[in-house]
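model.txt (compact mmCIF, C-alpha atoms and all ligand atoms)
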```txt
# COMPACT_ATOMS: atom_id res chain seq x y z
CA LEU A 10 12.77 -3.02 -18.61
CA GLN A 11 14.63 -6.17 -19.33
CA ALA A 12 13.79 -9.45 -20.96
CA GLU A 13 14.87 -12.63 -19.20
CA GLY A 14 18.38 -13.63 -20.24
CA ASP A 15 19.34 -10.08 -21.27
CA ARG A 16 22.64 -9.36 -19.47
CA SER A 17 22.89 -5.65 -20.37
CA PRO A 18 22.31 -3.24 -17.47
CA ALA A 19 18.68 -2.20 -16.93
CA ASP A 20 17.74 1.47 -17.16
CA ILE A 21 14.89 1.55 -14.70
CA VAL A 22 13.39 -0.42 -11.86
CA LEU A 23 9.63 -0.68 -11.37
CA THR A 24 8.51 -2.04 -8.01
CA VAL A 25 5.85 -1.73 -5.33
CA ASP A 26 5.99 -0.37 -1.79
CA ILE A 27 8.15 2.36 -0.39
CA ALA A 28 10.22 -0.21 1.53
CA ARG A 29 11.41 -1.84 -1.69
CA LEU A 30 12.02 1.49 -3.42
CA GLN A 31 14.03 2.70 -0.44
CA GLN A 32 15.93 -0.61 -0.35
CA ILE A 33 17.23 -0.21 -3.90
CA VAL A 34 18.15 3.41 -3.19
CA ASP A 35 20.00 2.37 -0.03
CA ALA A 36 21.79 -0.32 -2.03
CA GLY A 37 23.30 2.48 -4.11
CA VAL A 38 22.07 1.20 -7.48
CA THR A 39 19.89 4.20 -8.42
CA GLN A 40 20.61 7.75 -9.52
CA PRO A 41 18.75 11.00 -8.88
CA VAL A 42 16.52 12.26 -11.68
CA GLN A 43 15.80 15.96 -11.96
CA SER A 44 12.74 16.52 -14.12
CA ASP A 45 10.28 19.42 -14.17
CA VAL A 46 7.72 17.07 -15.72
CA LEU A 47 7.96 14.50 -12.90
CA GLU A 48 7.88 17.29 -10.31
CA ALA A 49 4.77 18.78 -11.87
CA ASN A 50 2.92 15.50 -12.32
CA ILE A 51 3.73 13.67 -9.06
CA PRO A 52 2.73 15.15 -5.68
CA GLU A 53 5.68 15.93 -3.43
CA THR A 54 4.63 13.44 -0.71
CA LEU A 55 4.79 10.59 -3.27
CA ARG A 56 8.36 11.09 -4.47
CA ASP A 57 11.80 11.05 -2.88
CA PRO A 58 13.00 14.44 -1.60
CA GLY A 59 16.38 13.37 -3.06
CA ASP A 60 14.78 12.57 -6.47
CA GLN A 61 15.80 8.88 -6.33
CA TRP A 62 12.31 7.36 -6.57
CA PHE A 63 8.92 8.44 -7.89
CA GLY A 64 5.46 7.05 -7.12
CA LEU A 65 3.43 6.22 -10.22
CA THR A 66 0.20 4.95 -8.69
CA THR A 67 -1.11 4.66 -5.15
CA ARG A 68 -2.91 1.91 -3.30
CA ALA A 69 -4.73 2.44 -0.03
CA ARG A 70 -4.39 0.01 2.89
CA ILE A 71 -7.99 -0.33 3.93
CA VAL A 72 -10.38 -2.56 5.81
CA TYR A 73 -12.31 -5.32 4.08
CA ALA A 74 -15.44 -5.63 6.21
CA SER A 75 -17.99 -8.45 6.22
CA LYS A 76 -21.23 -7.34 4.58
CA ASP A 77 -23.17 -9.55 7.03
CA ARG A 78 -21.41 -8.90 10.31
CA VAL A 79 -20.08 -5.33 10.18
CA GLN A 80 -22.49 -2.39 10.19
CA PRO A 81 -21.91 0.75 8.12
CA GLY A 82 -20.01 3.26 10.26
CA GLU A 83 -18.60 0.57 12.56
CA VAL A 84 -15.09 0.82 11.10
CA THR A 85 -13.75 4.30 11.86
CA THR A 86 -10.04 4.92 12.49
CA TYR A 87 -6.88 2.83 12.31
CA GLU A 88 -6.44 3.64 15.99
CA ASP A 89 -9.84 2.03 16.73
CA LEU A 90 -8.79 -1.28 15.13
CA ALA A 91 -6.86 -1.94 18.34
CA SER A 92 -9.92 -1.46 20.56
CA ASP A 93 -11.70 -4.30 22.36
CA LYS A 94 -14.76 -4.18 20.15
CA TRP A 95 -12.81 -6.06 17.45
CA LYS A 96 -11.60 -8.84 19.77
CA GLY A 97 -11.42 -12.12 17.85
CA ARG A 98 -12.76 -10.47 14.69
CA LEU A 99 -9.64 -9.28 12.83
CA CYS A 100 -7.52 -11.08 10.24
CA THR A 101 -4.30 -9.88 8.63
CA ARG A 102 -1.21 -11.18 6.90
CA SER A 103 2.14 -11.18 8.71
CA GLY A 104 2.99 -8.13 10.76
CA LEU A 105 6.46 -8.31 9.27
CA HIS A 106 5.21 -7.88 5.70
CA ASP A 107 6.18 -4.59 4.05
CA TYR A 108 2.53 -3.47 3.81
CA ASN A 109 1.91 -3.81 7.55
CA VAL A 110 5.34 -2.45 8.49
CA ALA A 111 4.58 0.69 6.44
CA LEU A 112 1.19 1.05 8.13
CA LEU A 113 2.84 0.75 11.55
CA GLY A 114 5.44 3.30 10.41
CA ALA A 115 2.56 5.68 9.76
CA VAL A 116 1.16 4.97 13.24
CA ILE A 117 4.56 5.89 14.72
CA ALA A 118 4.68 9.08 12.64
CA HIS A 119 1.16 10.10 13.69
CA HIS A 120 1.72 9.28 17.37
CA ASP A 121 5.00 7.88 18.75
CA ALA A 122 6.77 4.57 19.24
CA ALA A 123 5.19 3.93 22.65
CA TYR A 124 1.69 4.43 21.24
CA ALA A 125 2.53 2.31 18.19
CA THR A 126 3.69 -0.54 20.44
CA GLN A 127 0.39 -0.49 22.33
CA TRP A 128 -1.48 -0.32 19.03
CA ALA A 129 0.35 -3.34 17.64
CA GLU A 130 -0.34 -5.24 20.87
CA GLY A 131 -4.01 -4.30 20.66
CA LEU A 132 -4.20 -5.41 17.04
CA LYS A 133 -2.57 -8.73 17.90
CA ALA A 134 -5.01 -9.24 20.78
CA ASN A 135 -7.89 -8.78 18.33
CA LEU A 136 -6.71 -11.41 15.84
CA ALA A 137 -9.13 -14.22 15.06
CA ARG A 138 -6.19 -16.42 14.03
CA LYS A 139 -2.42 -16.19 13.60
CA PRO A 140 -1.31 -14.15 10.57
CA ASP A 141 -1.12 -16.43 7.54
CA GLY A 142 -1.18 -15.95 3.76
CA GLY A 143 -1.60 -12.77 1.76
CA ASP A 144 -4.23 -10.03 1.83
CA ARG A 145 -6.69 -12.03 -0.26
CA ASP A 146 -6.49 -15.00 2.11
CA GLN A 147 -7.87 -12.75 4.84
CA VAL A 148 -10.88 -11.86 2.69
CA LYS A 149 -11.35 -15.57 2.01
CA ALA A 150 -11.41 -16.05 5.79
CA ILE A 151 -14.12 -13.40 6.12
CA ALA A 152 -16.18 -15.21 3.47
CA ALA A 153 -15.71 -18.43 5.50
CA GLY A 154 -16.89 -16.71 8.68
CA GLU A 155 -13.54 -16.90 10.48
CA CYS A 156 -13.21 -13.13 10.91
CA ASP A 157 -15.24 -9.98 10.34
CA ILE A 158 -12.62 -7.44 9.23
CA ALA A 159 -9.26 -7.66 7.49
CA LEU A 160 -6.49 -5.27 6.55
CA GLY A 161 -5.80 -5.28 2.82
CA ASN A 162 -4.70 -3.21 -0.13
CA THR A 163 -7.40 -1.85 -2.41
CA TYR A 164 -6.19 -3.39 -5.70
CA TYR A 165 -6.76 -6.92 -4.37
CA MET A 166 -10.50 -6.27 -4.79
CA GLY A 167 -9.84 -5.84 -8.52
CA GLN A 168 -7.74 -9.01 -8.58
CA MET A 169 -10.34 -11.07 -6.72
CA LEU A 170 -13.13 -9.93 -9.05
CA ALA A 171 -11.01 -11.07 -12.01
CA ASP A 172 -10.70 -14.61 -10.64
CA PRO A 173 -13.89 -16.73 -10.67
CA GLU A 174 -12.77 -18.73 -7.60
CA GLN A 175 -12.23 -15.51 -5.63
CA VAL A 176 -15.34 -13.60 -6.70
CA PRO A 177 -17.36 -14.99 -3.73
CA TRP A 178 -14.64 -13.75 -1.36
CA ALA A 179 -14.82 -10.28 -2.90
CA GLU A 180 -18.60 -10.29 -2.75
CA SER A 181 -18.66 -11.09 0.97
CA VAL A 182 -17.04 -7.75 1.90
CA ASN A 183 -17.28 -3.99 1.63
CA ILE A 184 -14.25 -1.76 1.23
CA VAL A 185 -14.05 0.71 4.10
CA PHE A 186 -11.50 3.50 4.17
CA PRO A 187 -10.34 4.03 7.77
CA VAL A 188 -8.51 7.26 8.62
CA PHE A 189 -5.91 8.23 11.16
CA GLU A 190 -7.18 10.48 13.94
CA GLY A 191 -6.58 13.92 12.49
CA GLY A 192 -5.36 12.44 9.18
CA GLY A 193 -6.45 10.46 6.15
CA THR A 194 -6.29 6.94 4.76
CA HIS A 195 -2.88 5.24 4.60
CA VAL A 196 -1.53 4.94 1.07
CA ASN A 197 1.58 3.42 -0.45
CA VAL A 198 2.88 3.45 -4.01
CA SER A 199 4.08 1.47 -6.92
CA GLY A 200 6.99 3.43 -8.22
CA ILE A 201 10.00 3.80 -10.40
CA ALA A 202 13.69 4.62 -10.14
CA MET A 203 16.49 5.02 -12.68
CA THR A 204 19.46 2.73 -12.23
CA LYS A 205 22.88 4.20 -11.61
CA ALA A 206 24.18 2.19 -14.58
CA ALA A 207 21.40 3.24 -16.99
CA PRO A 208 22.94 2.89 -20.47
CA ASN A 209 20.03 4.73 -22.13
CA ARG A 210 19.53 7.60 -19.73
CA ALA A 211 17.69 9.91 -22.13
CA ALA A 212 15.25 7.21 -23.26
CA ALA A 213 14.72 6.11 -19.66
CA LEU A 214 13.88 9.66 -18.61
CA THR A 215 11.43 10.03 -21.49
CA PHE A 216 9.75 6.78 -20.43
CA MET A 217 9.54 7.88 -16.78
CA GLU A 218 8.03 11.21 -17.76
CA TRP A 219 5.57 9.45 -20.07
CA LEU A 220 4.44 7.18 -17.24
CA SER A 221 3.49 10.32 -15.29
CA SER A 222 1.45 11.74 -18.19
CA ASP A 223 -2.36 11.80 -18.29
CA ALA A 224 -2.59 9.08 -20.93
CA ALA A 225 -0.15 6.66 -19.29
CA GLN A 226 -1.46 7.31 -15.77
CA LYS A 227 -4.93 6.28 -16.88
CA ILE A 228 -3.72 3.06 -18.54
CA TYR A 229 -1.27 2.11 -15.79
CA ALA A 230 -3.72 2.73 -12.95
CA GLU A 231 -6.52 0.92 -14.75
CA THR A 232 -4.29 -2.10 -15.36
CA ASN A 233 -3.18 -2.52 -11.76
CA HIS A 234 -6.48 -1.34 -10.14
CA GLU A 235 -4.67 1.52 -8.44
CA PHE A 236 -5.10 5.29 -8.10
CA PRO A 237 -3.32 7.61 -10.52
CA VAL A 238 -0.88 9.96 -8.76
CA LYS A 239 -1.32 12.81 -11.25
CA PRO A 240 -4.07 15.12 -10.02
CA GLY A 241 -7.03 15.27 -12.38
CA VAL A 242 -6.53 11.85 -13.98
CA GLU A 243 -9.71 9.80 -13.67
CA ARG A 244 -9.69 6.47 -11.86
CA SER A 245 -11.13 3.41 -13.58
CA ALA A 246 -14.88 2.80 -13.18
CA LEU A 247 -14.21 -0.19 -10.90
CA VAL A 248 -11.78 1.68 -8.66
CA ALA A 249 -14.13 4.69 -8.53
CA SER A 250 -16.95 2.35 -7.42
CA TRP A 251 -15.08 1.71 -4.16
CA GLY A 252 -15.79 5.30 -3.12
CA SER A 253 -13.68 8.36 -2.55
CA PHE A 254 -11.43 9.02 0.40
CA THR A 255 -8.87 11.46 1.73
CA PRO A 256 -5.35 10.07 1.42
CA ASP A 257 -3.15 10.63 4.43
CA ASP A 258 -0.72 13.45 3.69
CA LEU A 259 2.25 11.91 5.51
CA PRO A 260 5.20 11.90 3.09
CA LEU A 261 6.19 8.36 2.10
CA SER A 262 9.78 9.28 2.88
CA THR A 263 8.69 9.71 6.52
CA ILE A 264 7.13 6.24 6.49
CA ALA A 265 10.36 4.87 5.02
CA SER A 266 12.37 6.52 7.78
CA GLU A 267 10.20 4.80 10.45
CA ARG A 268 10.65 1.35 8.90
CA ALA A 269 13.37 0.11 11.27
CA ALA A 270 11.43 1.28 14.33
CA ALA A 271 8.24 -0.33 13.02
CA LEU A 272 9.96 -3.66 12.34
CA LYS A 273 11.41 -3.63 15.85
CA ILE A 274 7.95 -3.11 17.35
CA MET A 275 6.49 -5.99 15.33
CA GLU A 276 9.28 -8.21 16.66
CA THR A 277 8.95 -6.92 20.22
CA VAL A 278 5.22 -7.66 20.38
CA ASP A 279 5.81 -10.95 18.52
CA PHE A 280 2.94 -10.02 16.24
CA ASP A 281 2.87 -13.28 14.29
CA GLY A 282 3.48 -15.49 17.33
FE FE B 1 0.43 -6.72 -3.22
```
Please express the file's structure as structure tokens.
Amino acid sequence: LQAEGDRSPADIVLTVDIARLQQIVDAGVTQPVQSDVLEANIPETLRDPGDQWFGLTTRARIVYASKDRVQPGEVTTYEDLASDKWKGRLCTRSGLHDYNVALLGAVIAHHDAAYATQWAEGLKANLARKPDGGDRDQVKAIAAGECDIALGNTYYMGQMLADPEQVPWAESVNIVFPVFEGGGTHVNVSGIAMTKAAPNRAAALTFMEWLSSDAAQKIYAETNHEFPVKPGVERSALVASWGSFTPDDLPLSTIASERAAALKIMETVDFDG
């Protein structure tokens, strides 16, 4: 971690989303880290098979559903979000944003590119308005009655509840955990990698291993309203109040490998247009 103005090489990079982790790996600025501790603490699907990046917490990409206009049980699968019953009722940020590209990558991995293209077209056809703003802006639109459901990451509920202006947005929706047909709920990570230039390799490794420990996992996940990756570490009371779910078991490396195909589909269907 580096203070502003410090010109010495950083030891580690902390960032969110598999796309950004993979980007720094592809840029050649990271190094592999072999650690029994990291391997034991972090599930295999949430770390790089080549040991270049490690997930530290997970966030689910879920549906924020209007308390007034969406009945319990109405939101089911990600596949169903493309069905006619949601016509004019869906809001989401840009289809080209990393979060939605990763979700579409998961759709490709669960089905195929042809299916994913139809799905993206179906989703676009269901939009209440053109994609605009971030995930919280979609919840704001639900509160304003512009749409009934929105795609969003779980931790934004924690962020909205911490901001008096946004509390009414948060209170207008329920969190619903959709699943893939035959799978679970789509998750992504915030994660860490060691830089190739790391001047303090031993200290950096110690810090990485500490972040995967019970104590640090609890603090880190509580701070960012995310889910600890280490099995057995309790989620915060707020995060636990959103309910439990089955995370999809697709390796994040698979989602990363579908990124180019997913981006191409978003462009082909002109999702934001
Ligand atoms: Fe975010």
Considering only C-alpha atoms and all ligand atoms, give me a table of residues in chain A that are at most 9 Å from ligand FE 1 (chain B), with the closest atom pair and distance in Å for each, as JSON lines.
```
{"residue": "A:Val25", "atom": "CA", "partner": "B:FE1", "partner_atom": "FE", "distance": 7.7}
{"residue": "A:Asp26", "atom": "CA", "partner": "B:FE1", "partner_atom": "FE", "distance": 8.6}
{"residue": "A:Tyr108", "atom": "CA", "partner": "B:FE1", "partner_atom": "FE", "distance": 8.0}
{"residue": "A:Gly143", "atom": "CA", "partner": "B:FE1", "partner_atom": "FE", "distance": 8.1}
{"residue": "A:Asp144", "atom": "CA", "partner": "B:FE1", "partner_atom": "FE", "distance": 7.6}
{"residue": "A:Gly161", "atom": "CA", "partner": "B:FE1", "partner_atom": "FE", "distance": 8.8}
{"residue": "A:Asn162", "atom": "CA", "partner": "B:FE1", "partner_atom": "FE", "distance": 6.9}
{"residue": "A:Tyr164", "atom": "CA", "partner": "B:FE1", "partner_atom": "FE", "distance": 7.8}
{"residue": "A:Tyr165", "atom": "CA", "partner": "B:FE1", "partner_atom": "FE", "distance": 7.3}
```
Q.
Report as JSON, numbers by chain all protein, DNA and RNA residues lying within 12 Å of Val278 of chain A, evaluated on all atoms listed in the file, omitting residues in the same chain fewer than 3 positions from it.
A. {"A": [104, 105, 123, 125, 126, 127, 128, 129, 130, 131, 132, 133, 134, 271, 272, 273, 274, 275, 281, 282]}
Hey, could you make a per-residue contact list for segment 185-279 of chain A against segment 80-90 of chain A with 8 Å as the cut-off, showing the nearest pair of atoms and its distance in Å to one decimal, counting only C-alpha atoms, sorted by chain and number, as JSON lines?
```
{"residue": "A:Val185", "atom": "CA", "partner": "A:Val84", "partner_atom": "CA", "distance": 7.1}
{"residue": "A:Pro187", "atom": "CA", "partner": "A:Thr86", "partner_atom": "CA", "distance": 4.8}
{"residue": "A:Val188", "atom": "CA", "partner": "A:Thr86", "partner_atom": "CA", "distance": 4.8}
{"residue": "A:Phe189", "atom": "CA", "partner": "A:Thr86", "partner_atom": "CA", "distance": 5.5}
{"residue": "A:Glu190", "atom": "CA", "partner": "A:Thr86", "partner_atom": "CA", "distance": 6.4}
```
**Q.** Among the residues A:Ala159, A:Ala179, A:Ala202, A:Leu214, the one that comes closest to Phe63 of chain A [using all atoms listed in the file]
**A.**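 Among the listed residues, A:Ala202 lies closest to Phe63 of chain A.
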Q) Suppose you want the space between atom CA of Thr67 of chain A and atom CA of Thr263 of chain A; what is it in Å? A) 16.1 Å
Q) For His106 of chain A, which residue out of A:Leu220, A:Lys239, A:Gly142, A:Trp251 is the nearest one, using all atoms listed in the file? A)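 Nearest to His106 of chain A: A:Gly142.
Rounded to one decimal, atom CA of Ile151 of chain A and atom CA of Ser75 of chain A lie 6.3 Å from each other.
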Q. Which residue, A:Ser262, A:Gln226, A:Ser181, A:Asn197, has the smallest gap to Arg78 of chain A when you use all atoms listed in the file?
A. A:Ser181
Q: May I have the protein, DNA and RNA residues with any atom at most 12 Å from the point (-2.0, 3.3, -15.7), counting all atoms listed in the file, written as a PyMOL selection string?
A: chain A and resi 64-67+199-200+219-239+242-245
Q. Of the residues A:Glu267, A:Gly37, A:Ile201, A:Val248, which is the one nearest to Leu55 of chain A, using all atoms listed in the file?
A.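 Going through A:Glu267, A:Gly37, A:Ile201, A:Val248 one by one, the smallest distance to Leu55 of chain A is for A:Ile201.
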Q. Which residue out of A:Ile184, A:Glu174, A:Gln40, A:Pro52 has the minimum interatomic distance to Tyr73 of chain A when all atoms listed in the file are used?
A. A:Ile184
For Glu53 of chain A, please output as a short mmCIF file (atom, residue, chain, number, x, y, z; two decimals) with C-alpha atoms, keeping the file's coordinate frame all residues within 12 Å (counting all atoms listed in the file; exclusion window: fewer than 4 positions along the same chain).
```cif
data_model
loop_
_atom_site.label_atom_id
_atom_site.label_comp_id
_atom_site.auth_asym_id
_atom_site.auth_seq_id
_atom_site.Cartn_x
_atom_site.Cartn_y
_atom_site.Cartn_z
CA LEU A 47 7.96 14.50 -12.90
CA GLU A 48 7.88 17.29 -10.31
CA ALA A 49 4.77 18.78 -11.87
CA ASP A 57 11.80 11.05 -2.88
CA PRO A 58 13.00 14.44 -1.60
CA GLY A 59 16.38 13.37 -3.06
CA ASP A 60 14.78 12.57 -6.47
CA TRP A 62 12.31 7.36 -6.57
CA PHE A 63 8.92 8.44 -7.89
CA GLY A 64 5.46 7.05 -7.12
CA VAL A 238 -0.88 9.96 -8.76
CA LYS A 239 -1.32 12.81 -11.25
CA PRO A 240 -4.07 15.12 -10.02
CA ASP A 258 -0.72 13.45 3.69
CA LEU A 259 2.25 11.91 5.51
CA PRO A 260 5.20 11.90 3.09
CA LEU A 261 6.19 8.36 2.10
CA SER A 262 9.78 9.28 2.88
#
```
Q: Quick one: pull the distance between atom CA of Gly97 of chain A and atom CA of Cys156 of chain A, Å, one decimal.
A: 7.2 Å
**Q.** Distance query Gln31 of chain A at most 8 Å, all atoms listed in the file, self and fewer than 3 positions along chain excluded, as a list in words
**A.** Ile27, Ala28, Val34, Asp35, Trp62 and Ala265 of chain A
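Minimum atom-to-atom distances from A:Asn109, A:Thr101, A:Asn183, A:Ser250 to Asp146 of chain A were compared using only C-alpha atoms, and the lowest value belongs to A:Thr101.
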Could you complete segment 205-223 of chain A so that it carries N, CA, C and O atoms, and give it back as a PDB file, keeping the file's coordinate frame?
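Heads up, here's the output in out.pdb:
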```
ATOM      1  N   LYS A 205      21.638   3.429 -11.529  1.00  0.00           N
ATOM      2  CA  LYS A 205      22.880   4.200 -11.610  1.00  0.00           C
ATOM      3  C   LYS A 205      23.588   3.888 -12.928  1.00  0.00           C
ATOM      4  O   LYS A 205      24.214   4.742 -13.535  1.00  0.00           O
ATOM      5  N   ALA A 206      23.452   2.633 -13.388  1.00  0.00           N
ATOM      6  CA  ALA A 206      24.180   2.190 -14.580  1.00  0.00           C
ATOM      7  C   ALA A 206      23.435   2.470 -15.887  1.00  0.00           C
ATOM      8  O   ALA A 206      23.951   2.156 -16.963  1.00  0.00           O
ATOM      9  N   ALA A 207      22.255   3.076 -15.807  1.00  0.00           N
ATOM     10  CA  ALA A 207      21.400   3.240 -16.990  1.00  0.00           C
ATOM     11  C   ALA A 207      22.162   3.576 -18.271  1.00  0.00           C
ATOM     12  O   ALA A 207      22.689   4.678 -18.402  1.00  0.00           O
ATOM     13  N   PRO A 208      22.207   2.631 -19.232  1.00  0.00           N
ATOM     14  CA  PRO A 208      22.940   2.890 -20.470  1.00  0.00           C
ATOM     15  C   PRO A 208      22.173   3.853 -21.393  1.00  0.00           C
ATOM     16  O   PRO A 208      22.797   4.530 -22.204  1.00  0.00           O
ATOM     17  N   ASN A 209      20.843   3.895 -21.241  1.00  0.00           N
ATOM     18  CA  ASN A 209      20.030   4.730 -22.130  1.00  0.00           C
ATOM     19  C   ASN A 209      19.298   5.793 -21.315  1.00  0.00           C
ATOM     20  O   ASN A 209      18.078   5.838 -21.258  1.00  0.00           O
ATOM     21  N   ARG A 210      20.088   6.665 -20.691  1.00  0.00           N
ATOM     22  CA  ARG A 210      19.530   7.600 -19.730  1.00  0.00           C
ATOM     23  C   ARG A 210      18.422   8.479 -20.324  1.00  0.00           C
ATOM     24  O   ARG A 210      17.373   8.687 -19.707  1.00  0.00           O
ATOM     25  N   ALA A 211      18.660   8.994 -21.517  1.00  0.00           N
ATOM     26  CA  ALA A 211      17.690   9.910 -22.130  1.00  0.00           C
ATOM     27  C   ALA A 211      16.367   9.199 -22.408  1.00  0.00           C
ATOM     28  O   ALA A 211      15.286   9.715 -22.116  1.00  0.00           O
ATOM     29  N   ALA A 212      16.465   7.979 -22.953  1.00  0.00           N
ATOM     30  CA  ALA A 212      15.250   7.210 -23.260  1.00  0.00           C
ATOM     31  C   ALA A 212      14.529   6.835 -21.967  1.00  0.00           C
ATOM     32  O   ALA A 212      13.297   6.871 -21.887  1.00  0.00           O
ATOM     33  N   ALA A 213      15.305   6.489 -20.948  1.00  0.00           N
ATOM     34  CA  ALA A 213      14.720   6.110 -19.660  1.00  0.00           C
ATOM     35  C   ALA A 213      13.956   7.289 -19.058  1.00  0.00           C
ATOM     36  O   ALA A 213      12.847   7.130 -18.534  1.00  0.00           O
ATOM     37  N   LEU A 214      14.542   8.465 -19.144  1.00  0.00           N
ATOM     38  CA  LEU A 214      13.880   9.660 -18.610  1.00  0.00           C
ATOM     39  C   LEU A 214      12.580   9.942 -19.357  1.00  0.00           C
ATOM     40  O   LEU A 214      11.551  10.242 -18.749  1.00  0.00           O
ATOM     41  N   THR A 215      12.636   9.818 -20.672  1.00  0.00           N
ATOM     42  CA  THR A 215      11.430  10.030 -21.490  1.00  0.00           C
ATOM     43  C   THR A 215      10.326   9.060 -21.068  1.00  0.00           C
ATOM     44  O   THR A 215       9.166   9.441 -20.937  1.00  0.00           O
ATOM     45  N   PHE A 216      10.719   7.796 -20.830  1.00  0.00           N
ATOM     46  CA  PHE A 216       9.750   6.780 -20.430  1.00  0.00           C
ATOM     47  C   PHE A 216       9.155   7.107 -19.047  1.00  0.00           C
ATOM     48  O   PHE A 216       7.944   7.023 -18.837  1.00  0.00           O
ATOM     49  N   MET A 217      10.017   7.519 -18.118  1.00  0.00           N
ATOM     50  CA  MET A 217       9.540   7.880 -16.780  1.00  0.00           C
ATOM     51  C   MET A 217       8.554   9.038 -16.850  1.00  0.00           C
ATOM     52  O   MET A 217       7.505   9.027 -16.210  1.00  0.00           O
ATOM     53  N   GLU A 218       8.912  10.039 -17.641  1.00  0.00           N
ATOM     54  CA  GLU A 218       8.030  11.210 -17.760  1.00  0.00           C
ATOM     55  C   GLU A 218       6.708  10.811 -18.422  1.00  0.00           C
ATOM     56  O   GLU A 218       5.645  11.279 -18.011  1.00  0.00           O
ATOM     57  N   TRP A 219       6.799   9.900 -19.406  1.00  0.00           N
ATOM     58  CA  TRP A 219       5.570   9.450 -20.070  1.00  0.00           C
ATOM     59  C   TRP A 219       4.656   8.734 -19.084  1.00  0.00           C
ATOM     60  O   TRP A 219       3.437   8.924 -19.094  1.00  0.00           O
ATOM     61  N   LEU A 220       5.259   7.912 -18.212  1.00  0.00           N
ATOM     62  CA  LEU A 220       4.440   7.180 -17.240  1.00  0.00           C
ATOM     63  C   LEU A 220       3.699   8.115 -16.278  1.00  0.00           C
ATOM     64  O   LEU A 220       2.713   7.731 -15.662  1.00  0.00           O
ATOM     65  N   SER A 221       4.175   9.358 -16.163  1.00  0.00           N
ATOM     66  CA  SER A 221       3.490  10.320 -15.290  1.00  0.00           C
ATOM     67  C   SER A 221       2.490  11.184 -16.056  1.00  0.00           C
ATOM     68  O   SER A 221       1.844  12.046 -15.475  1.00  0.00           O
ATOM     69  N   SER A 222       2.361  10.939 -17.353  1.00  0.00           N
ATOM     70  CA  SER A 222       1.450  11.740 -18.190  1.00  0.00           C
ATOM     71  C   SER A 222      -0.001  11.293 -18.004  1.00  0.00           C
ATOM     72  O   SER A 222      -0.257  10.184 -17.533  1.00  0.00           O
ATOM     73  N   ASP A 223      -0.934  12.127 -18.413  1.00  0.00           N
ATOM     74  CA  ASP A 223      -2.360  11.800 -18.290  1.00  0.00           C
ATOM     75  C   ASP A 223      -2.689  10.455 -18.935  1.00  0.00           C
ATOM     76  O   ASP A 223      -3.333   9.605 -18.317  1.00  0.00           O
TER      77      ASP A 223
END
```
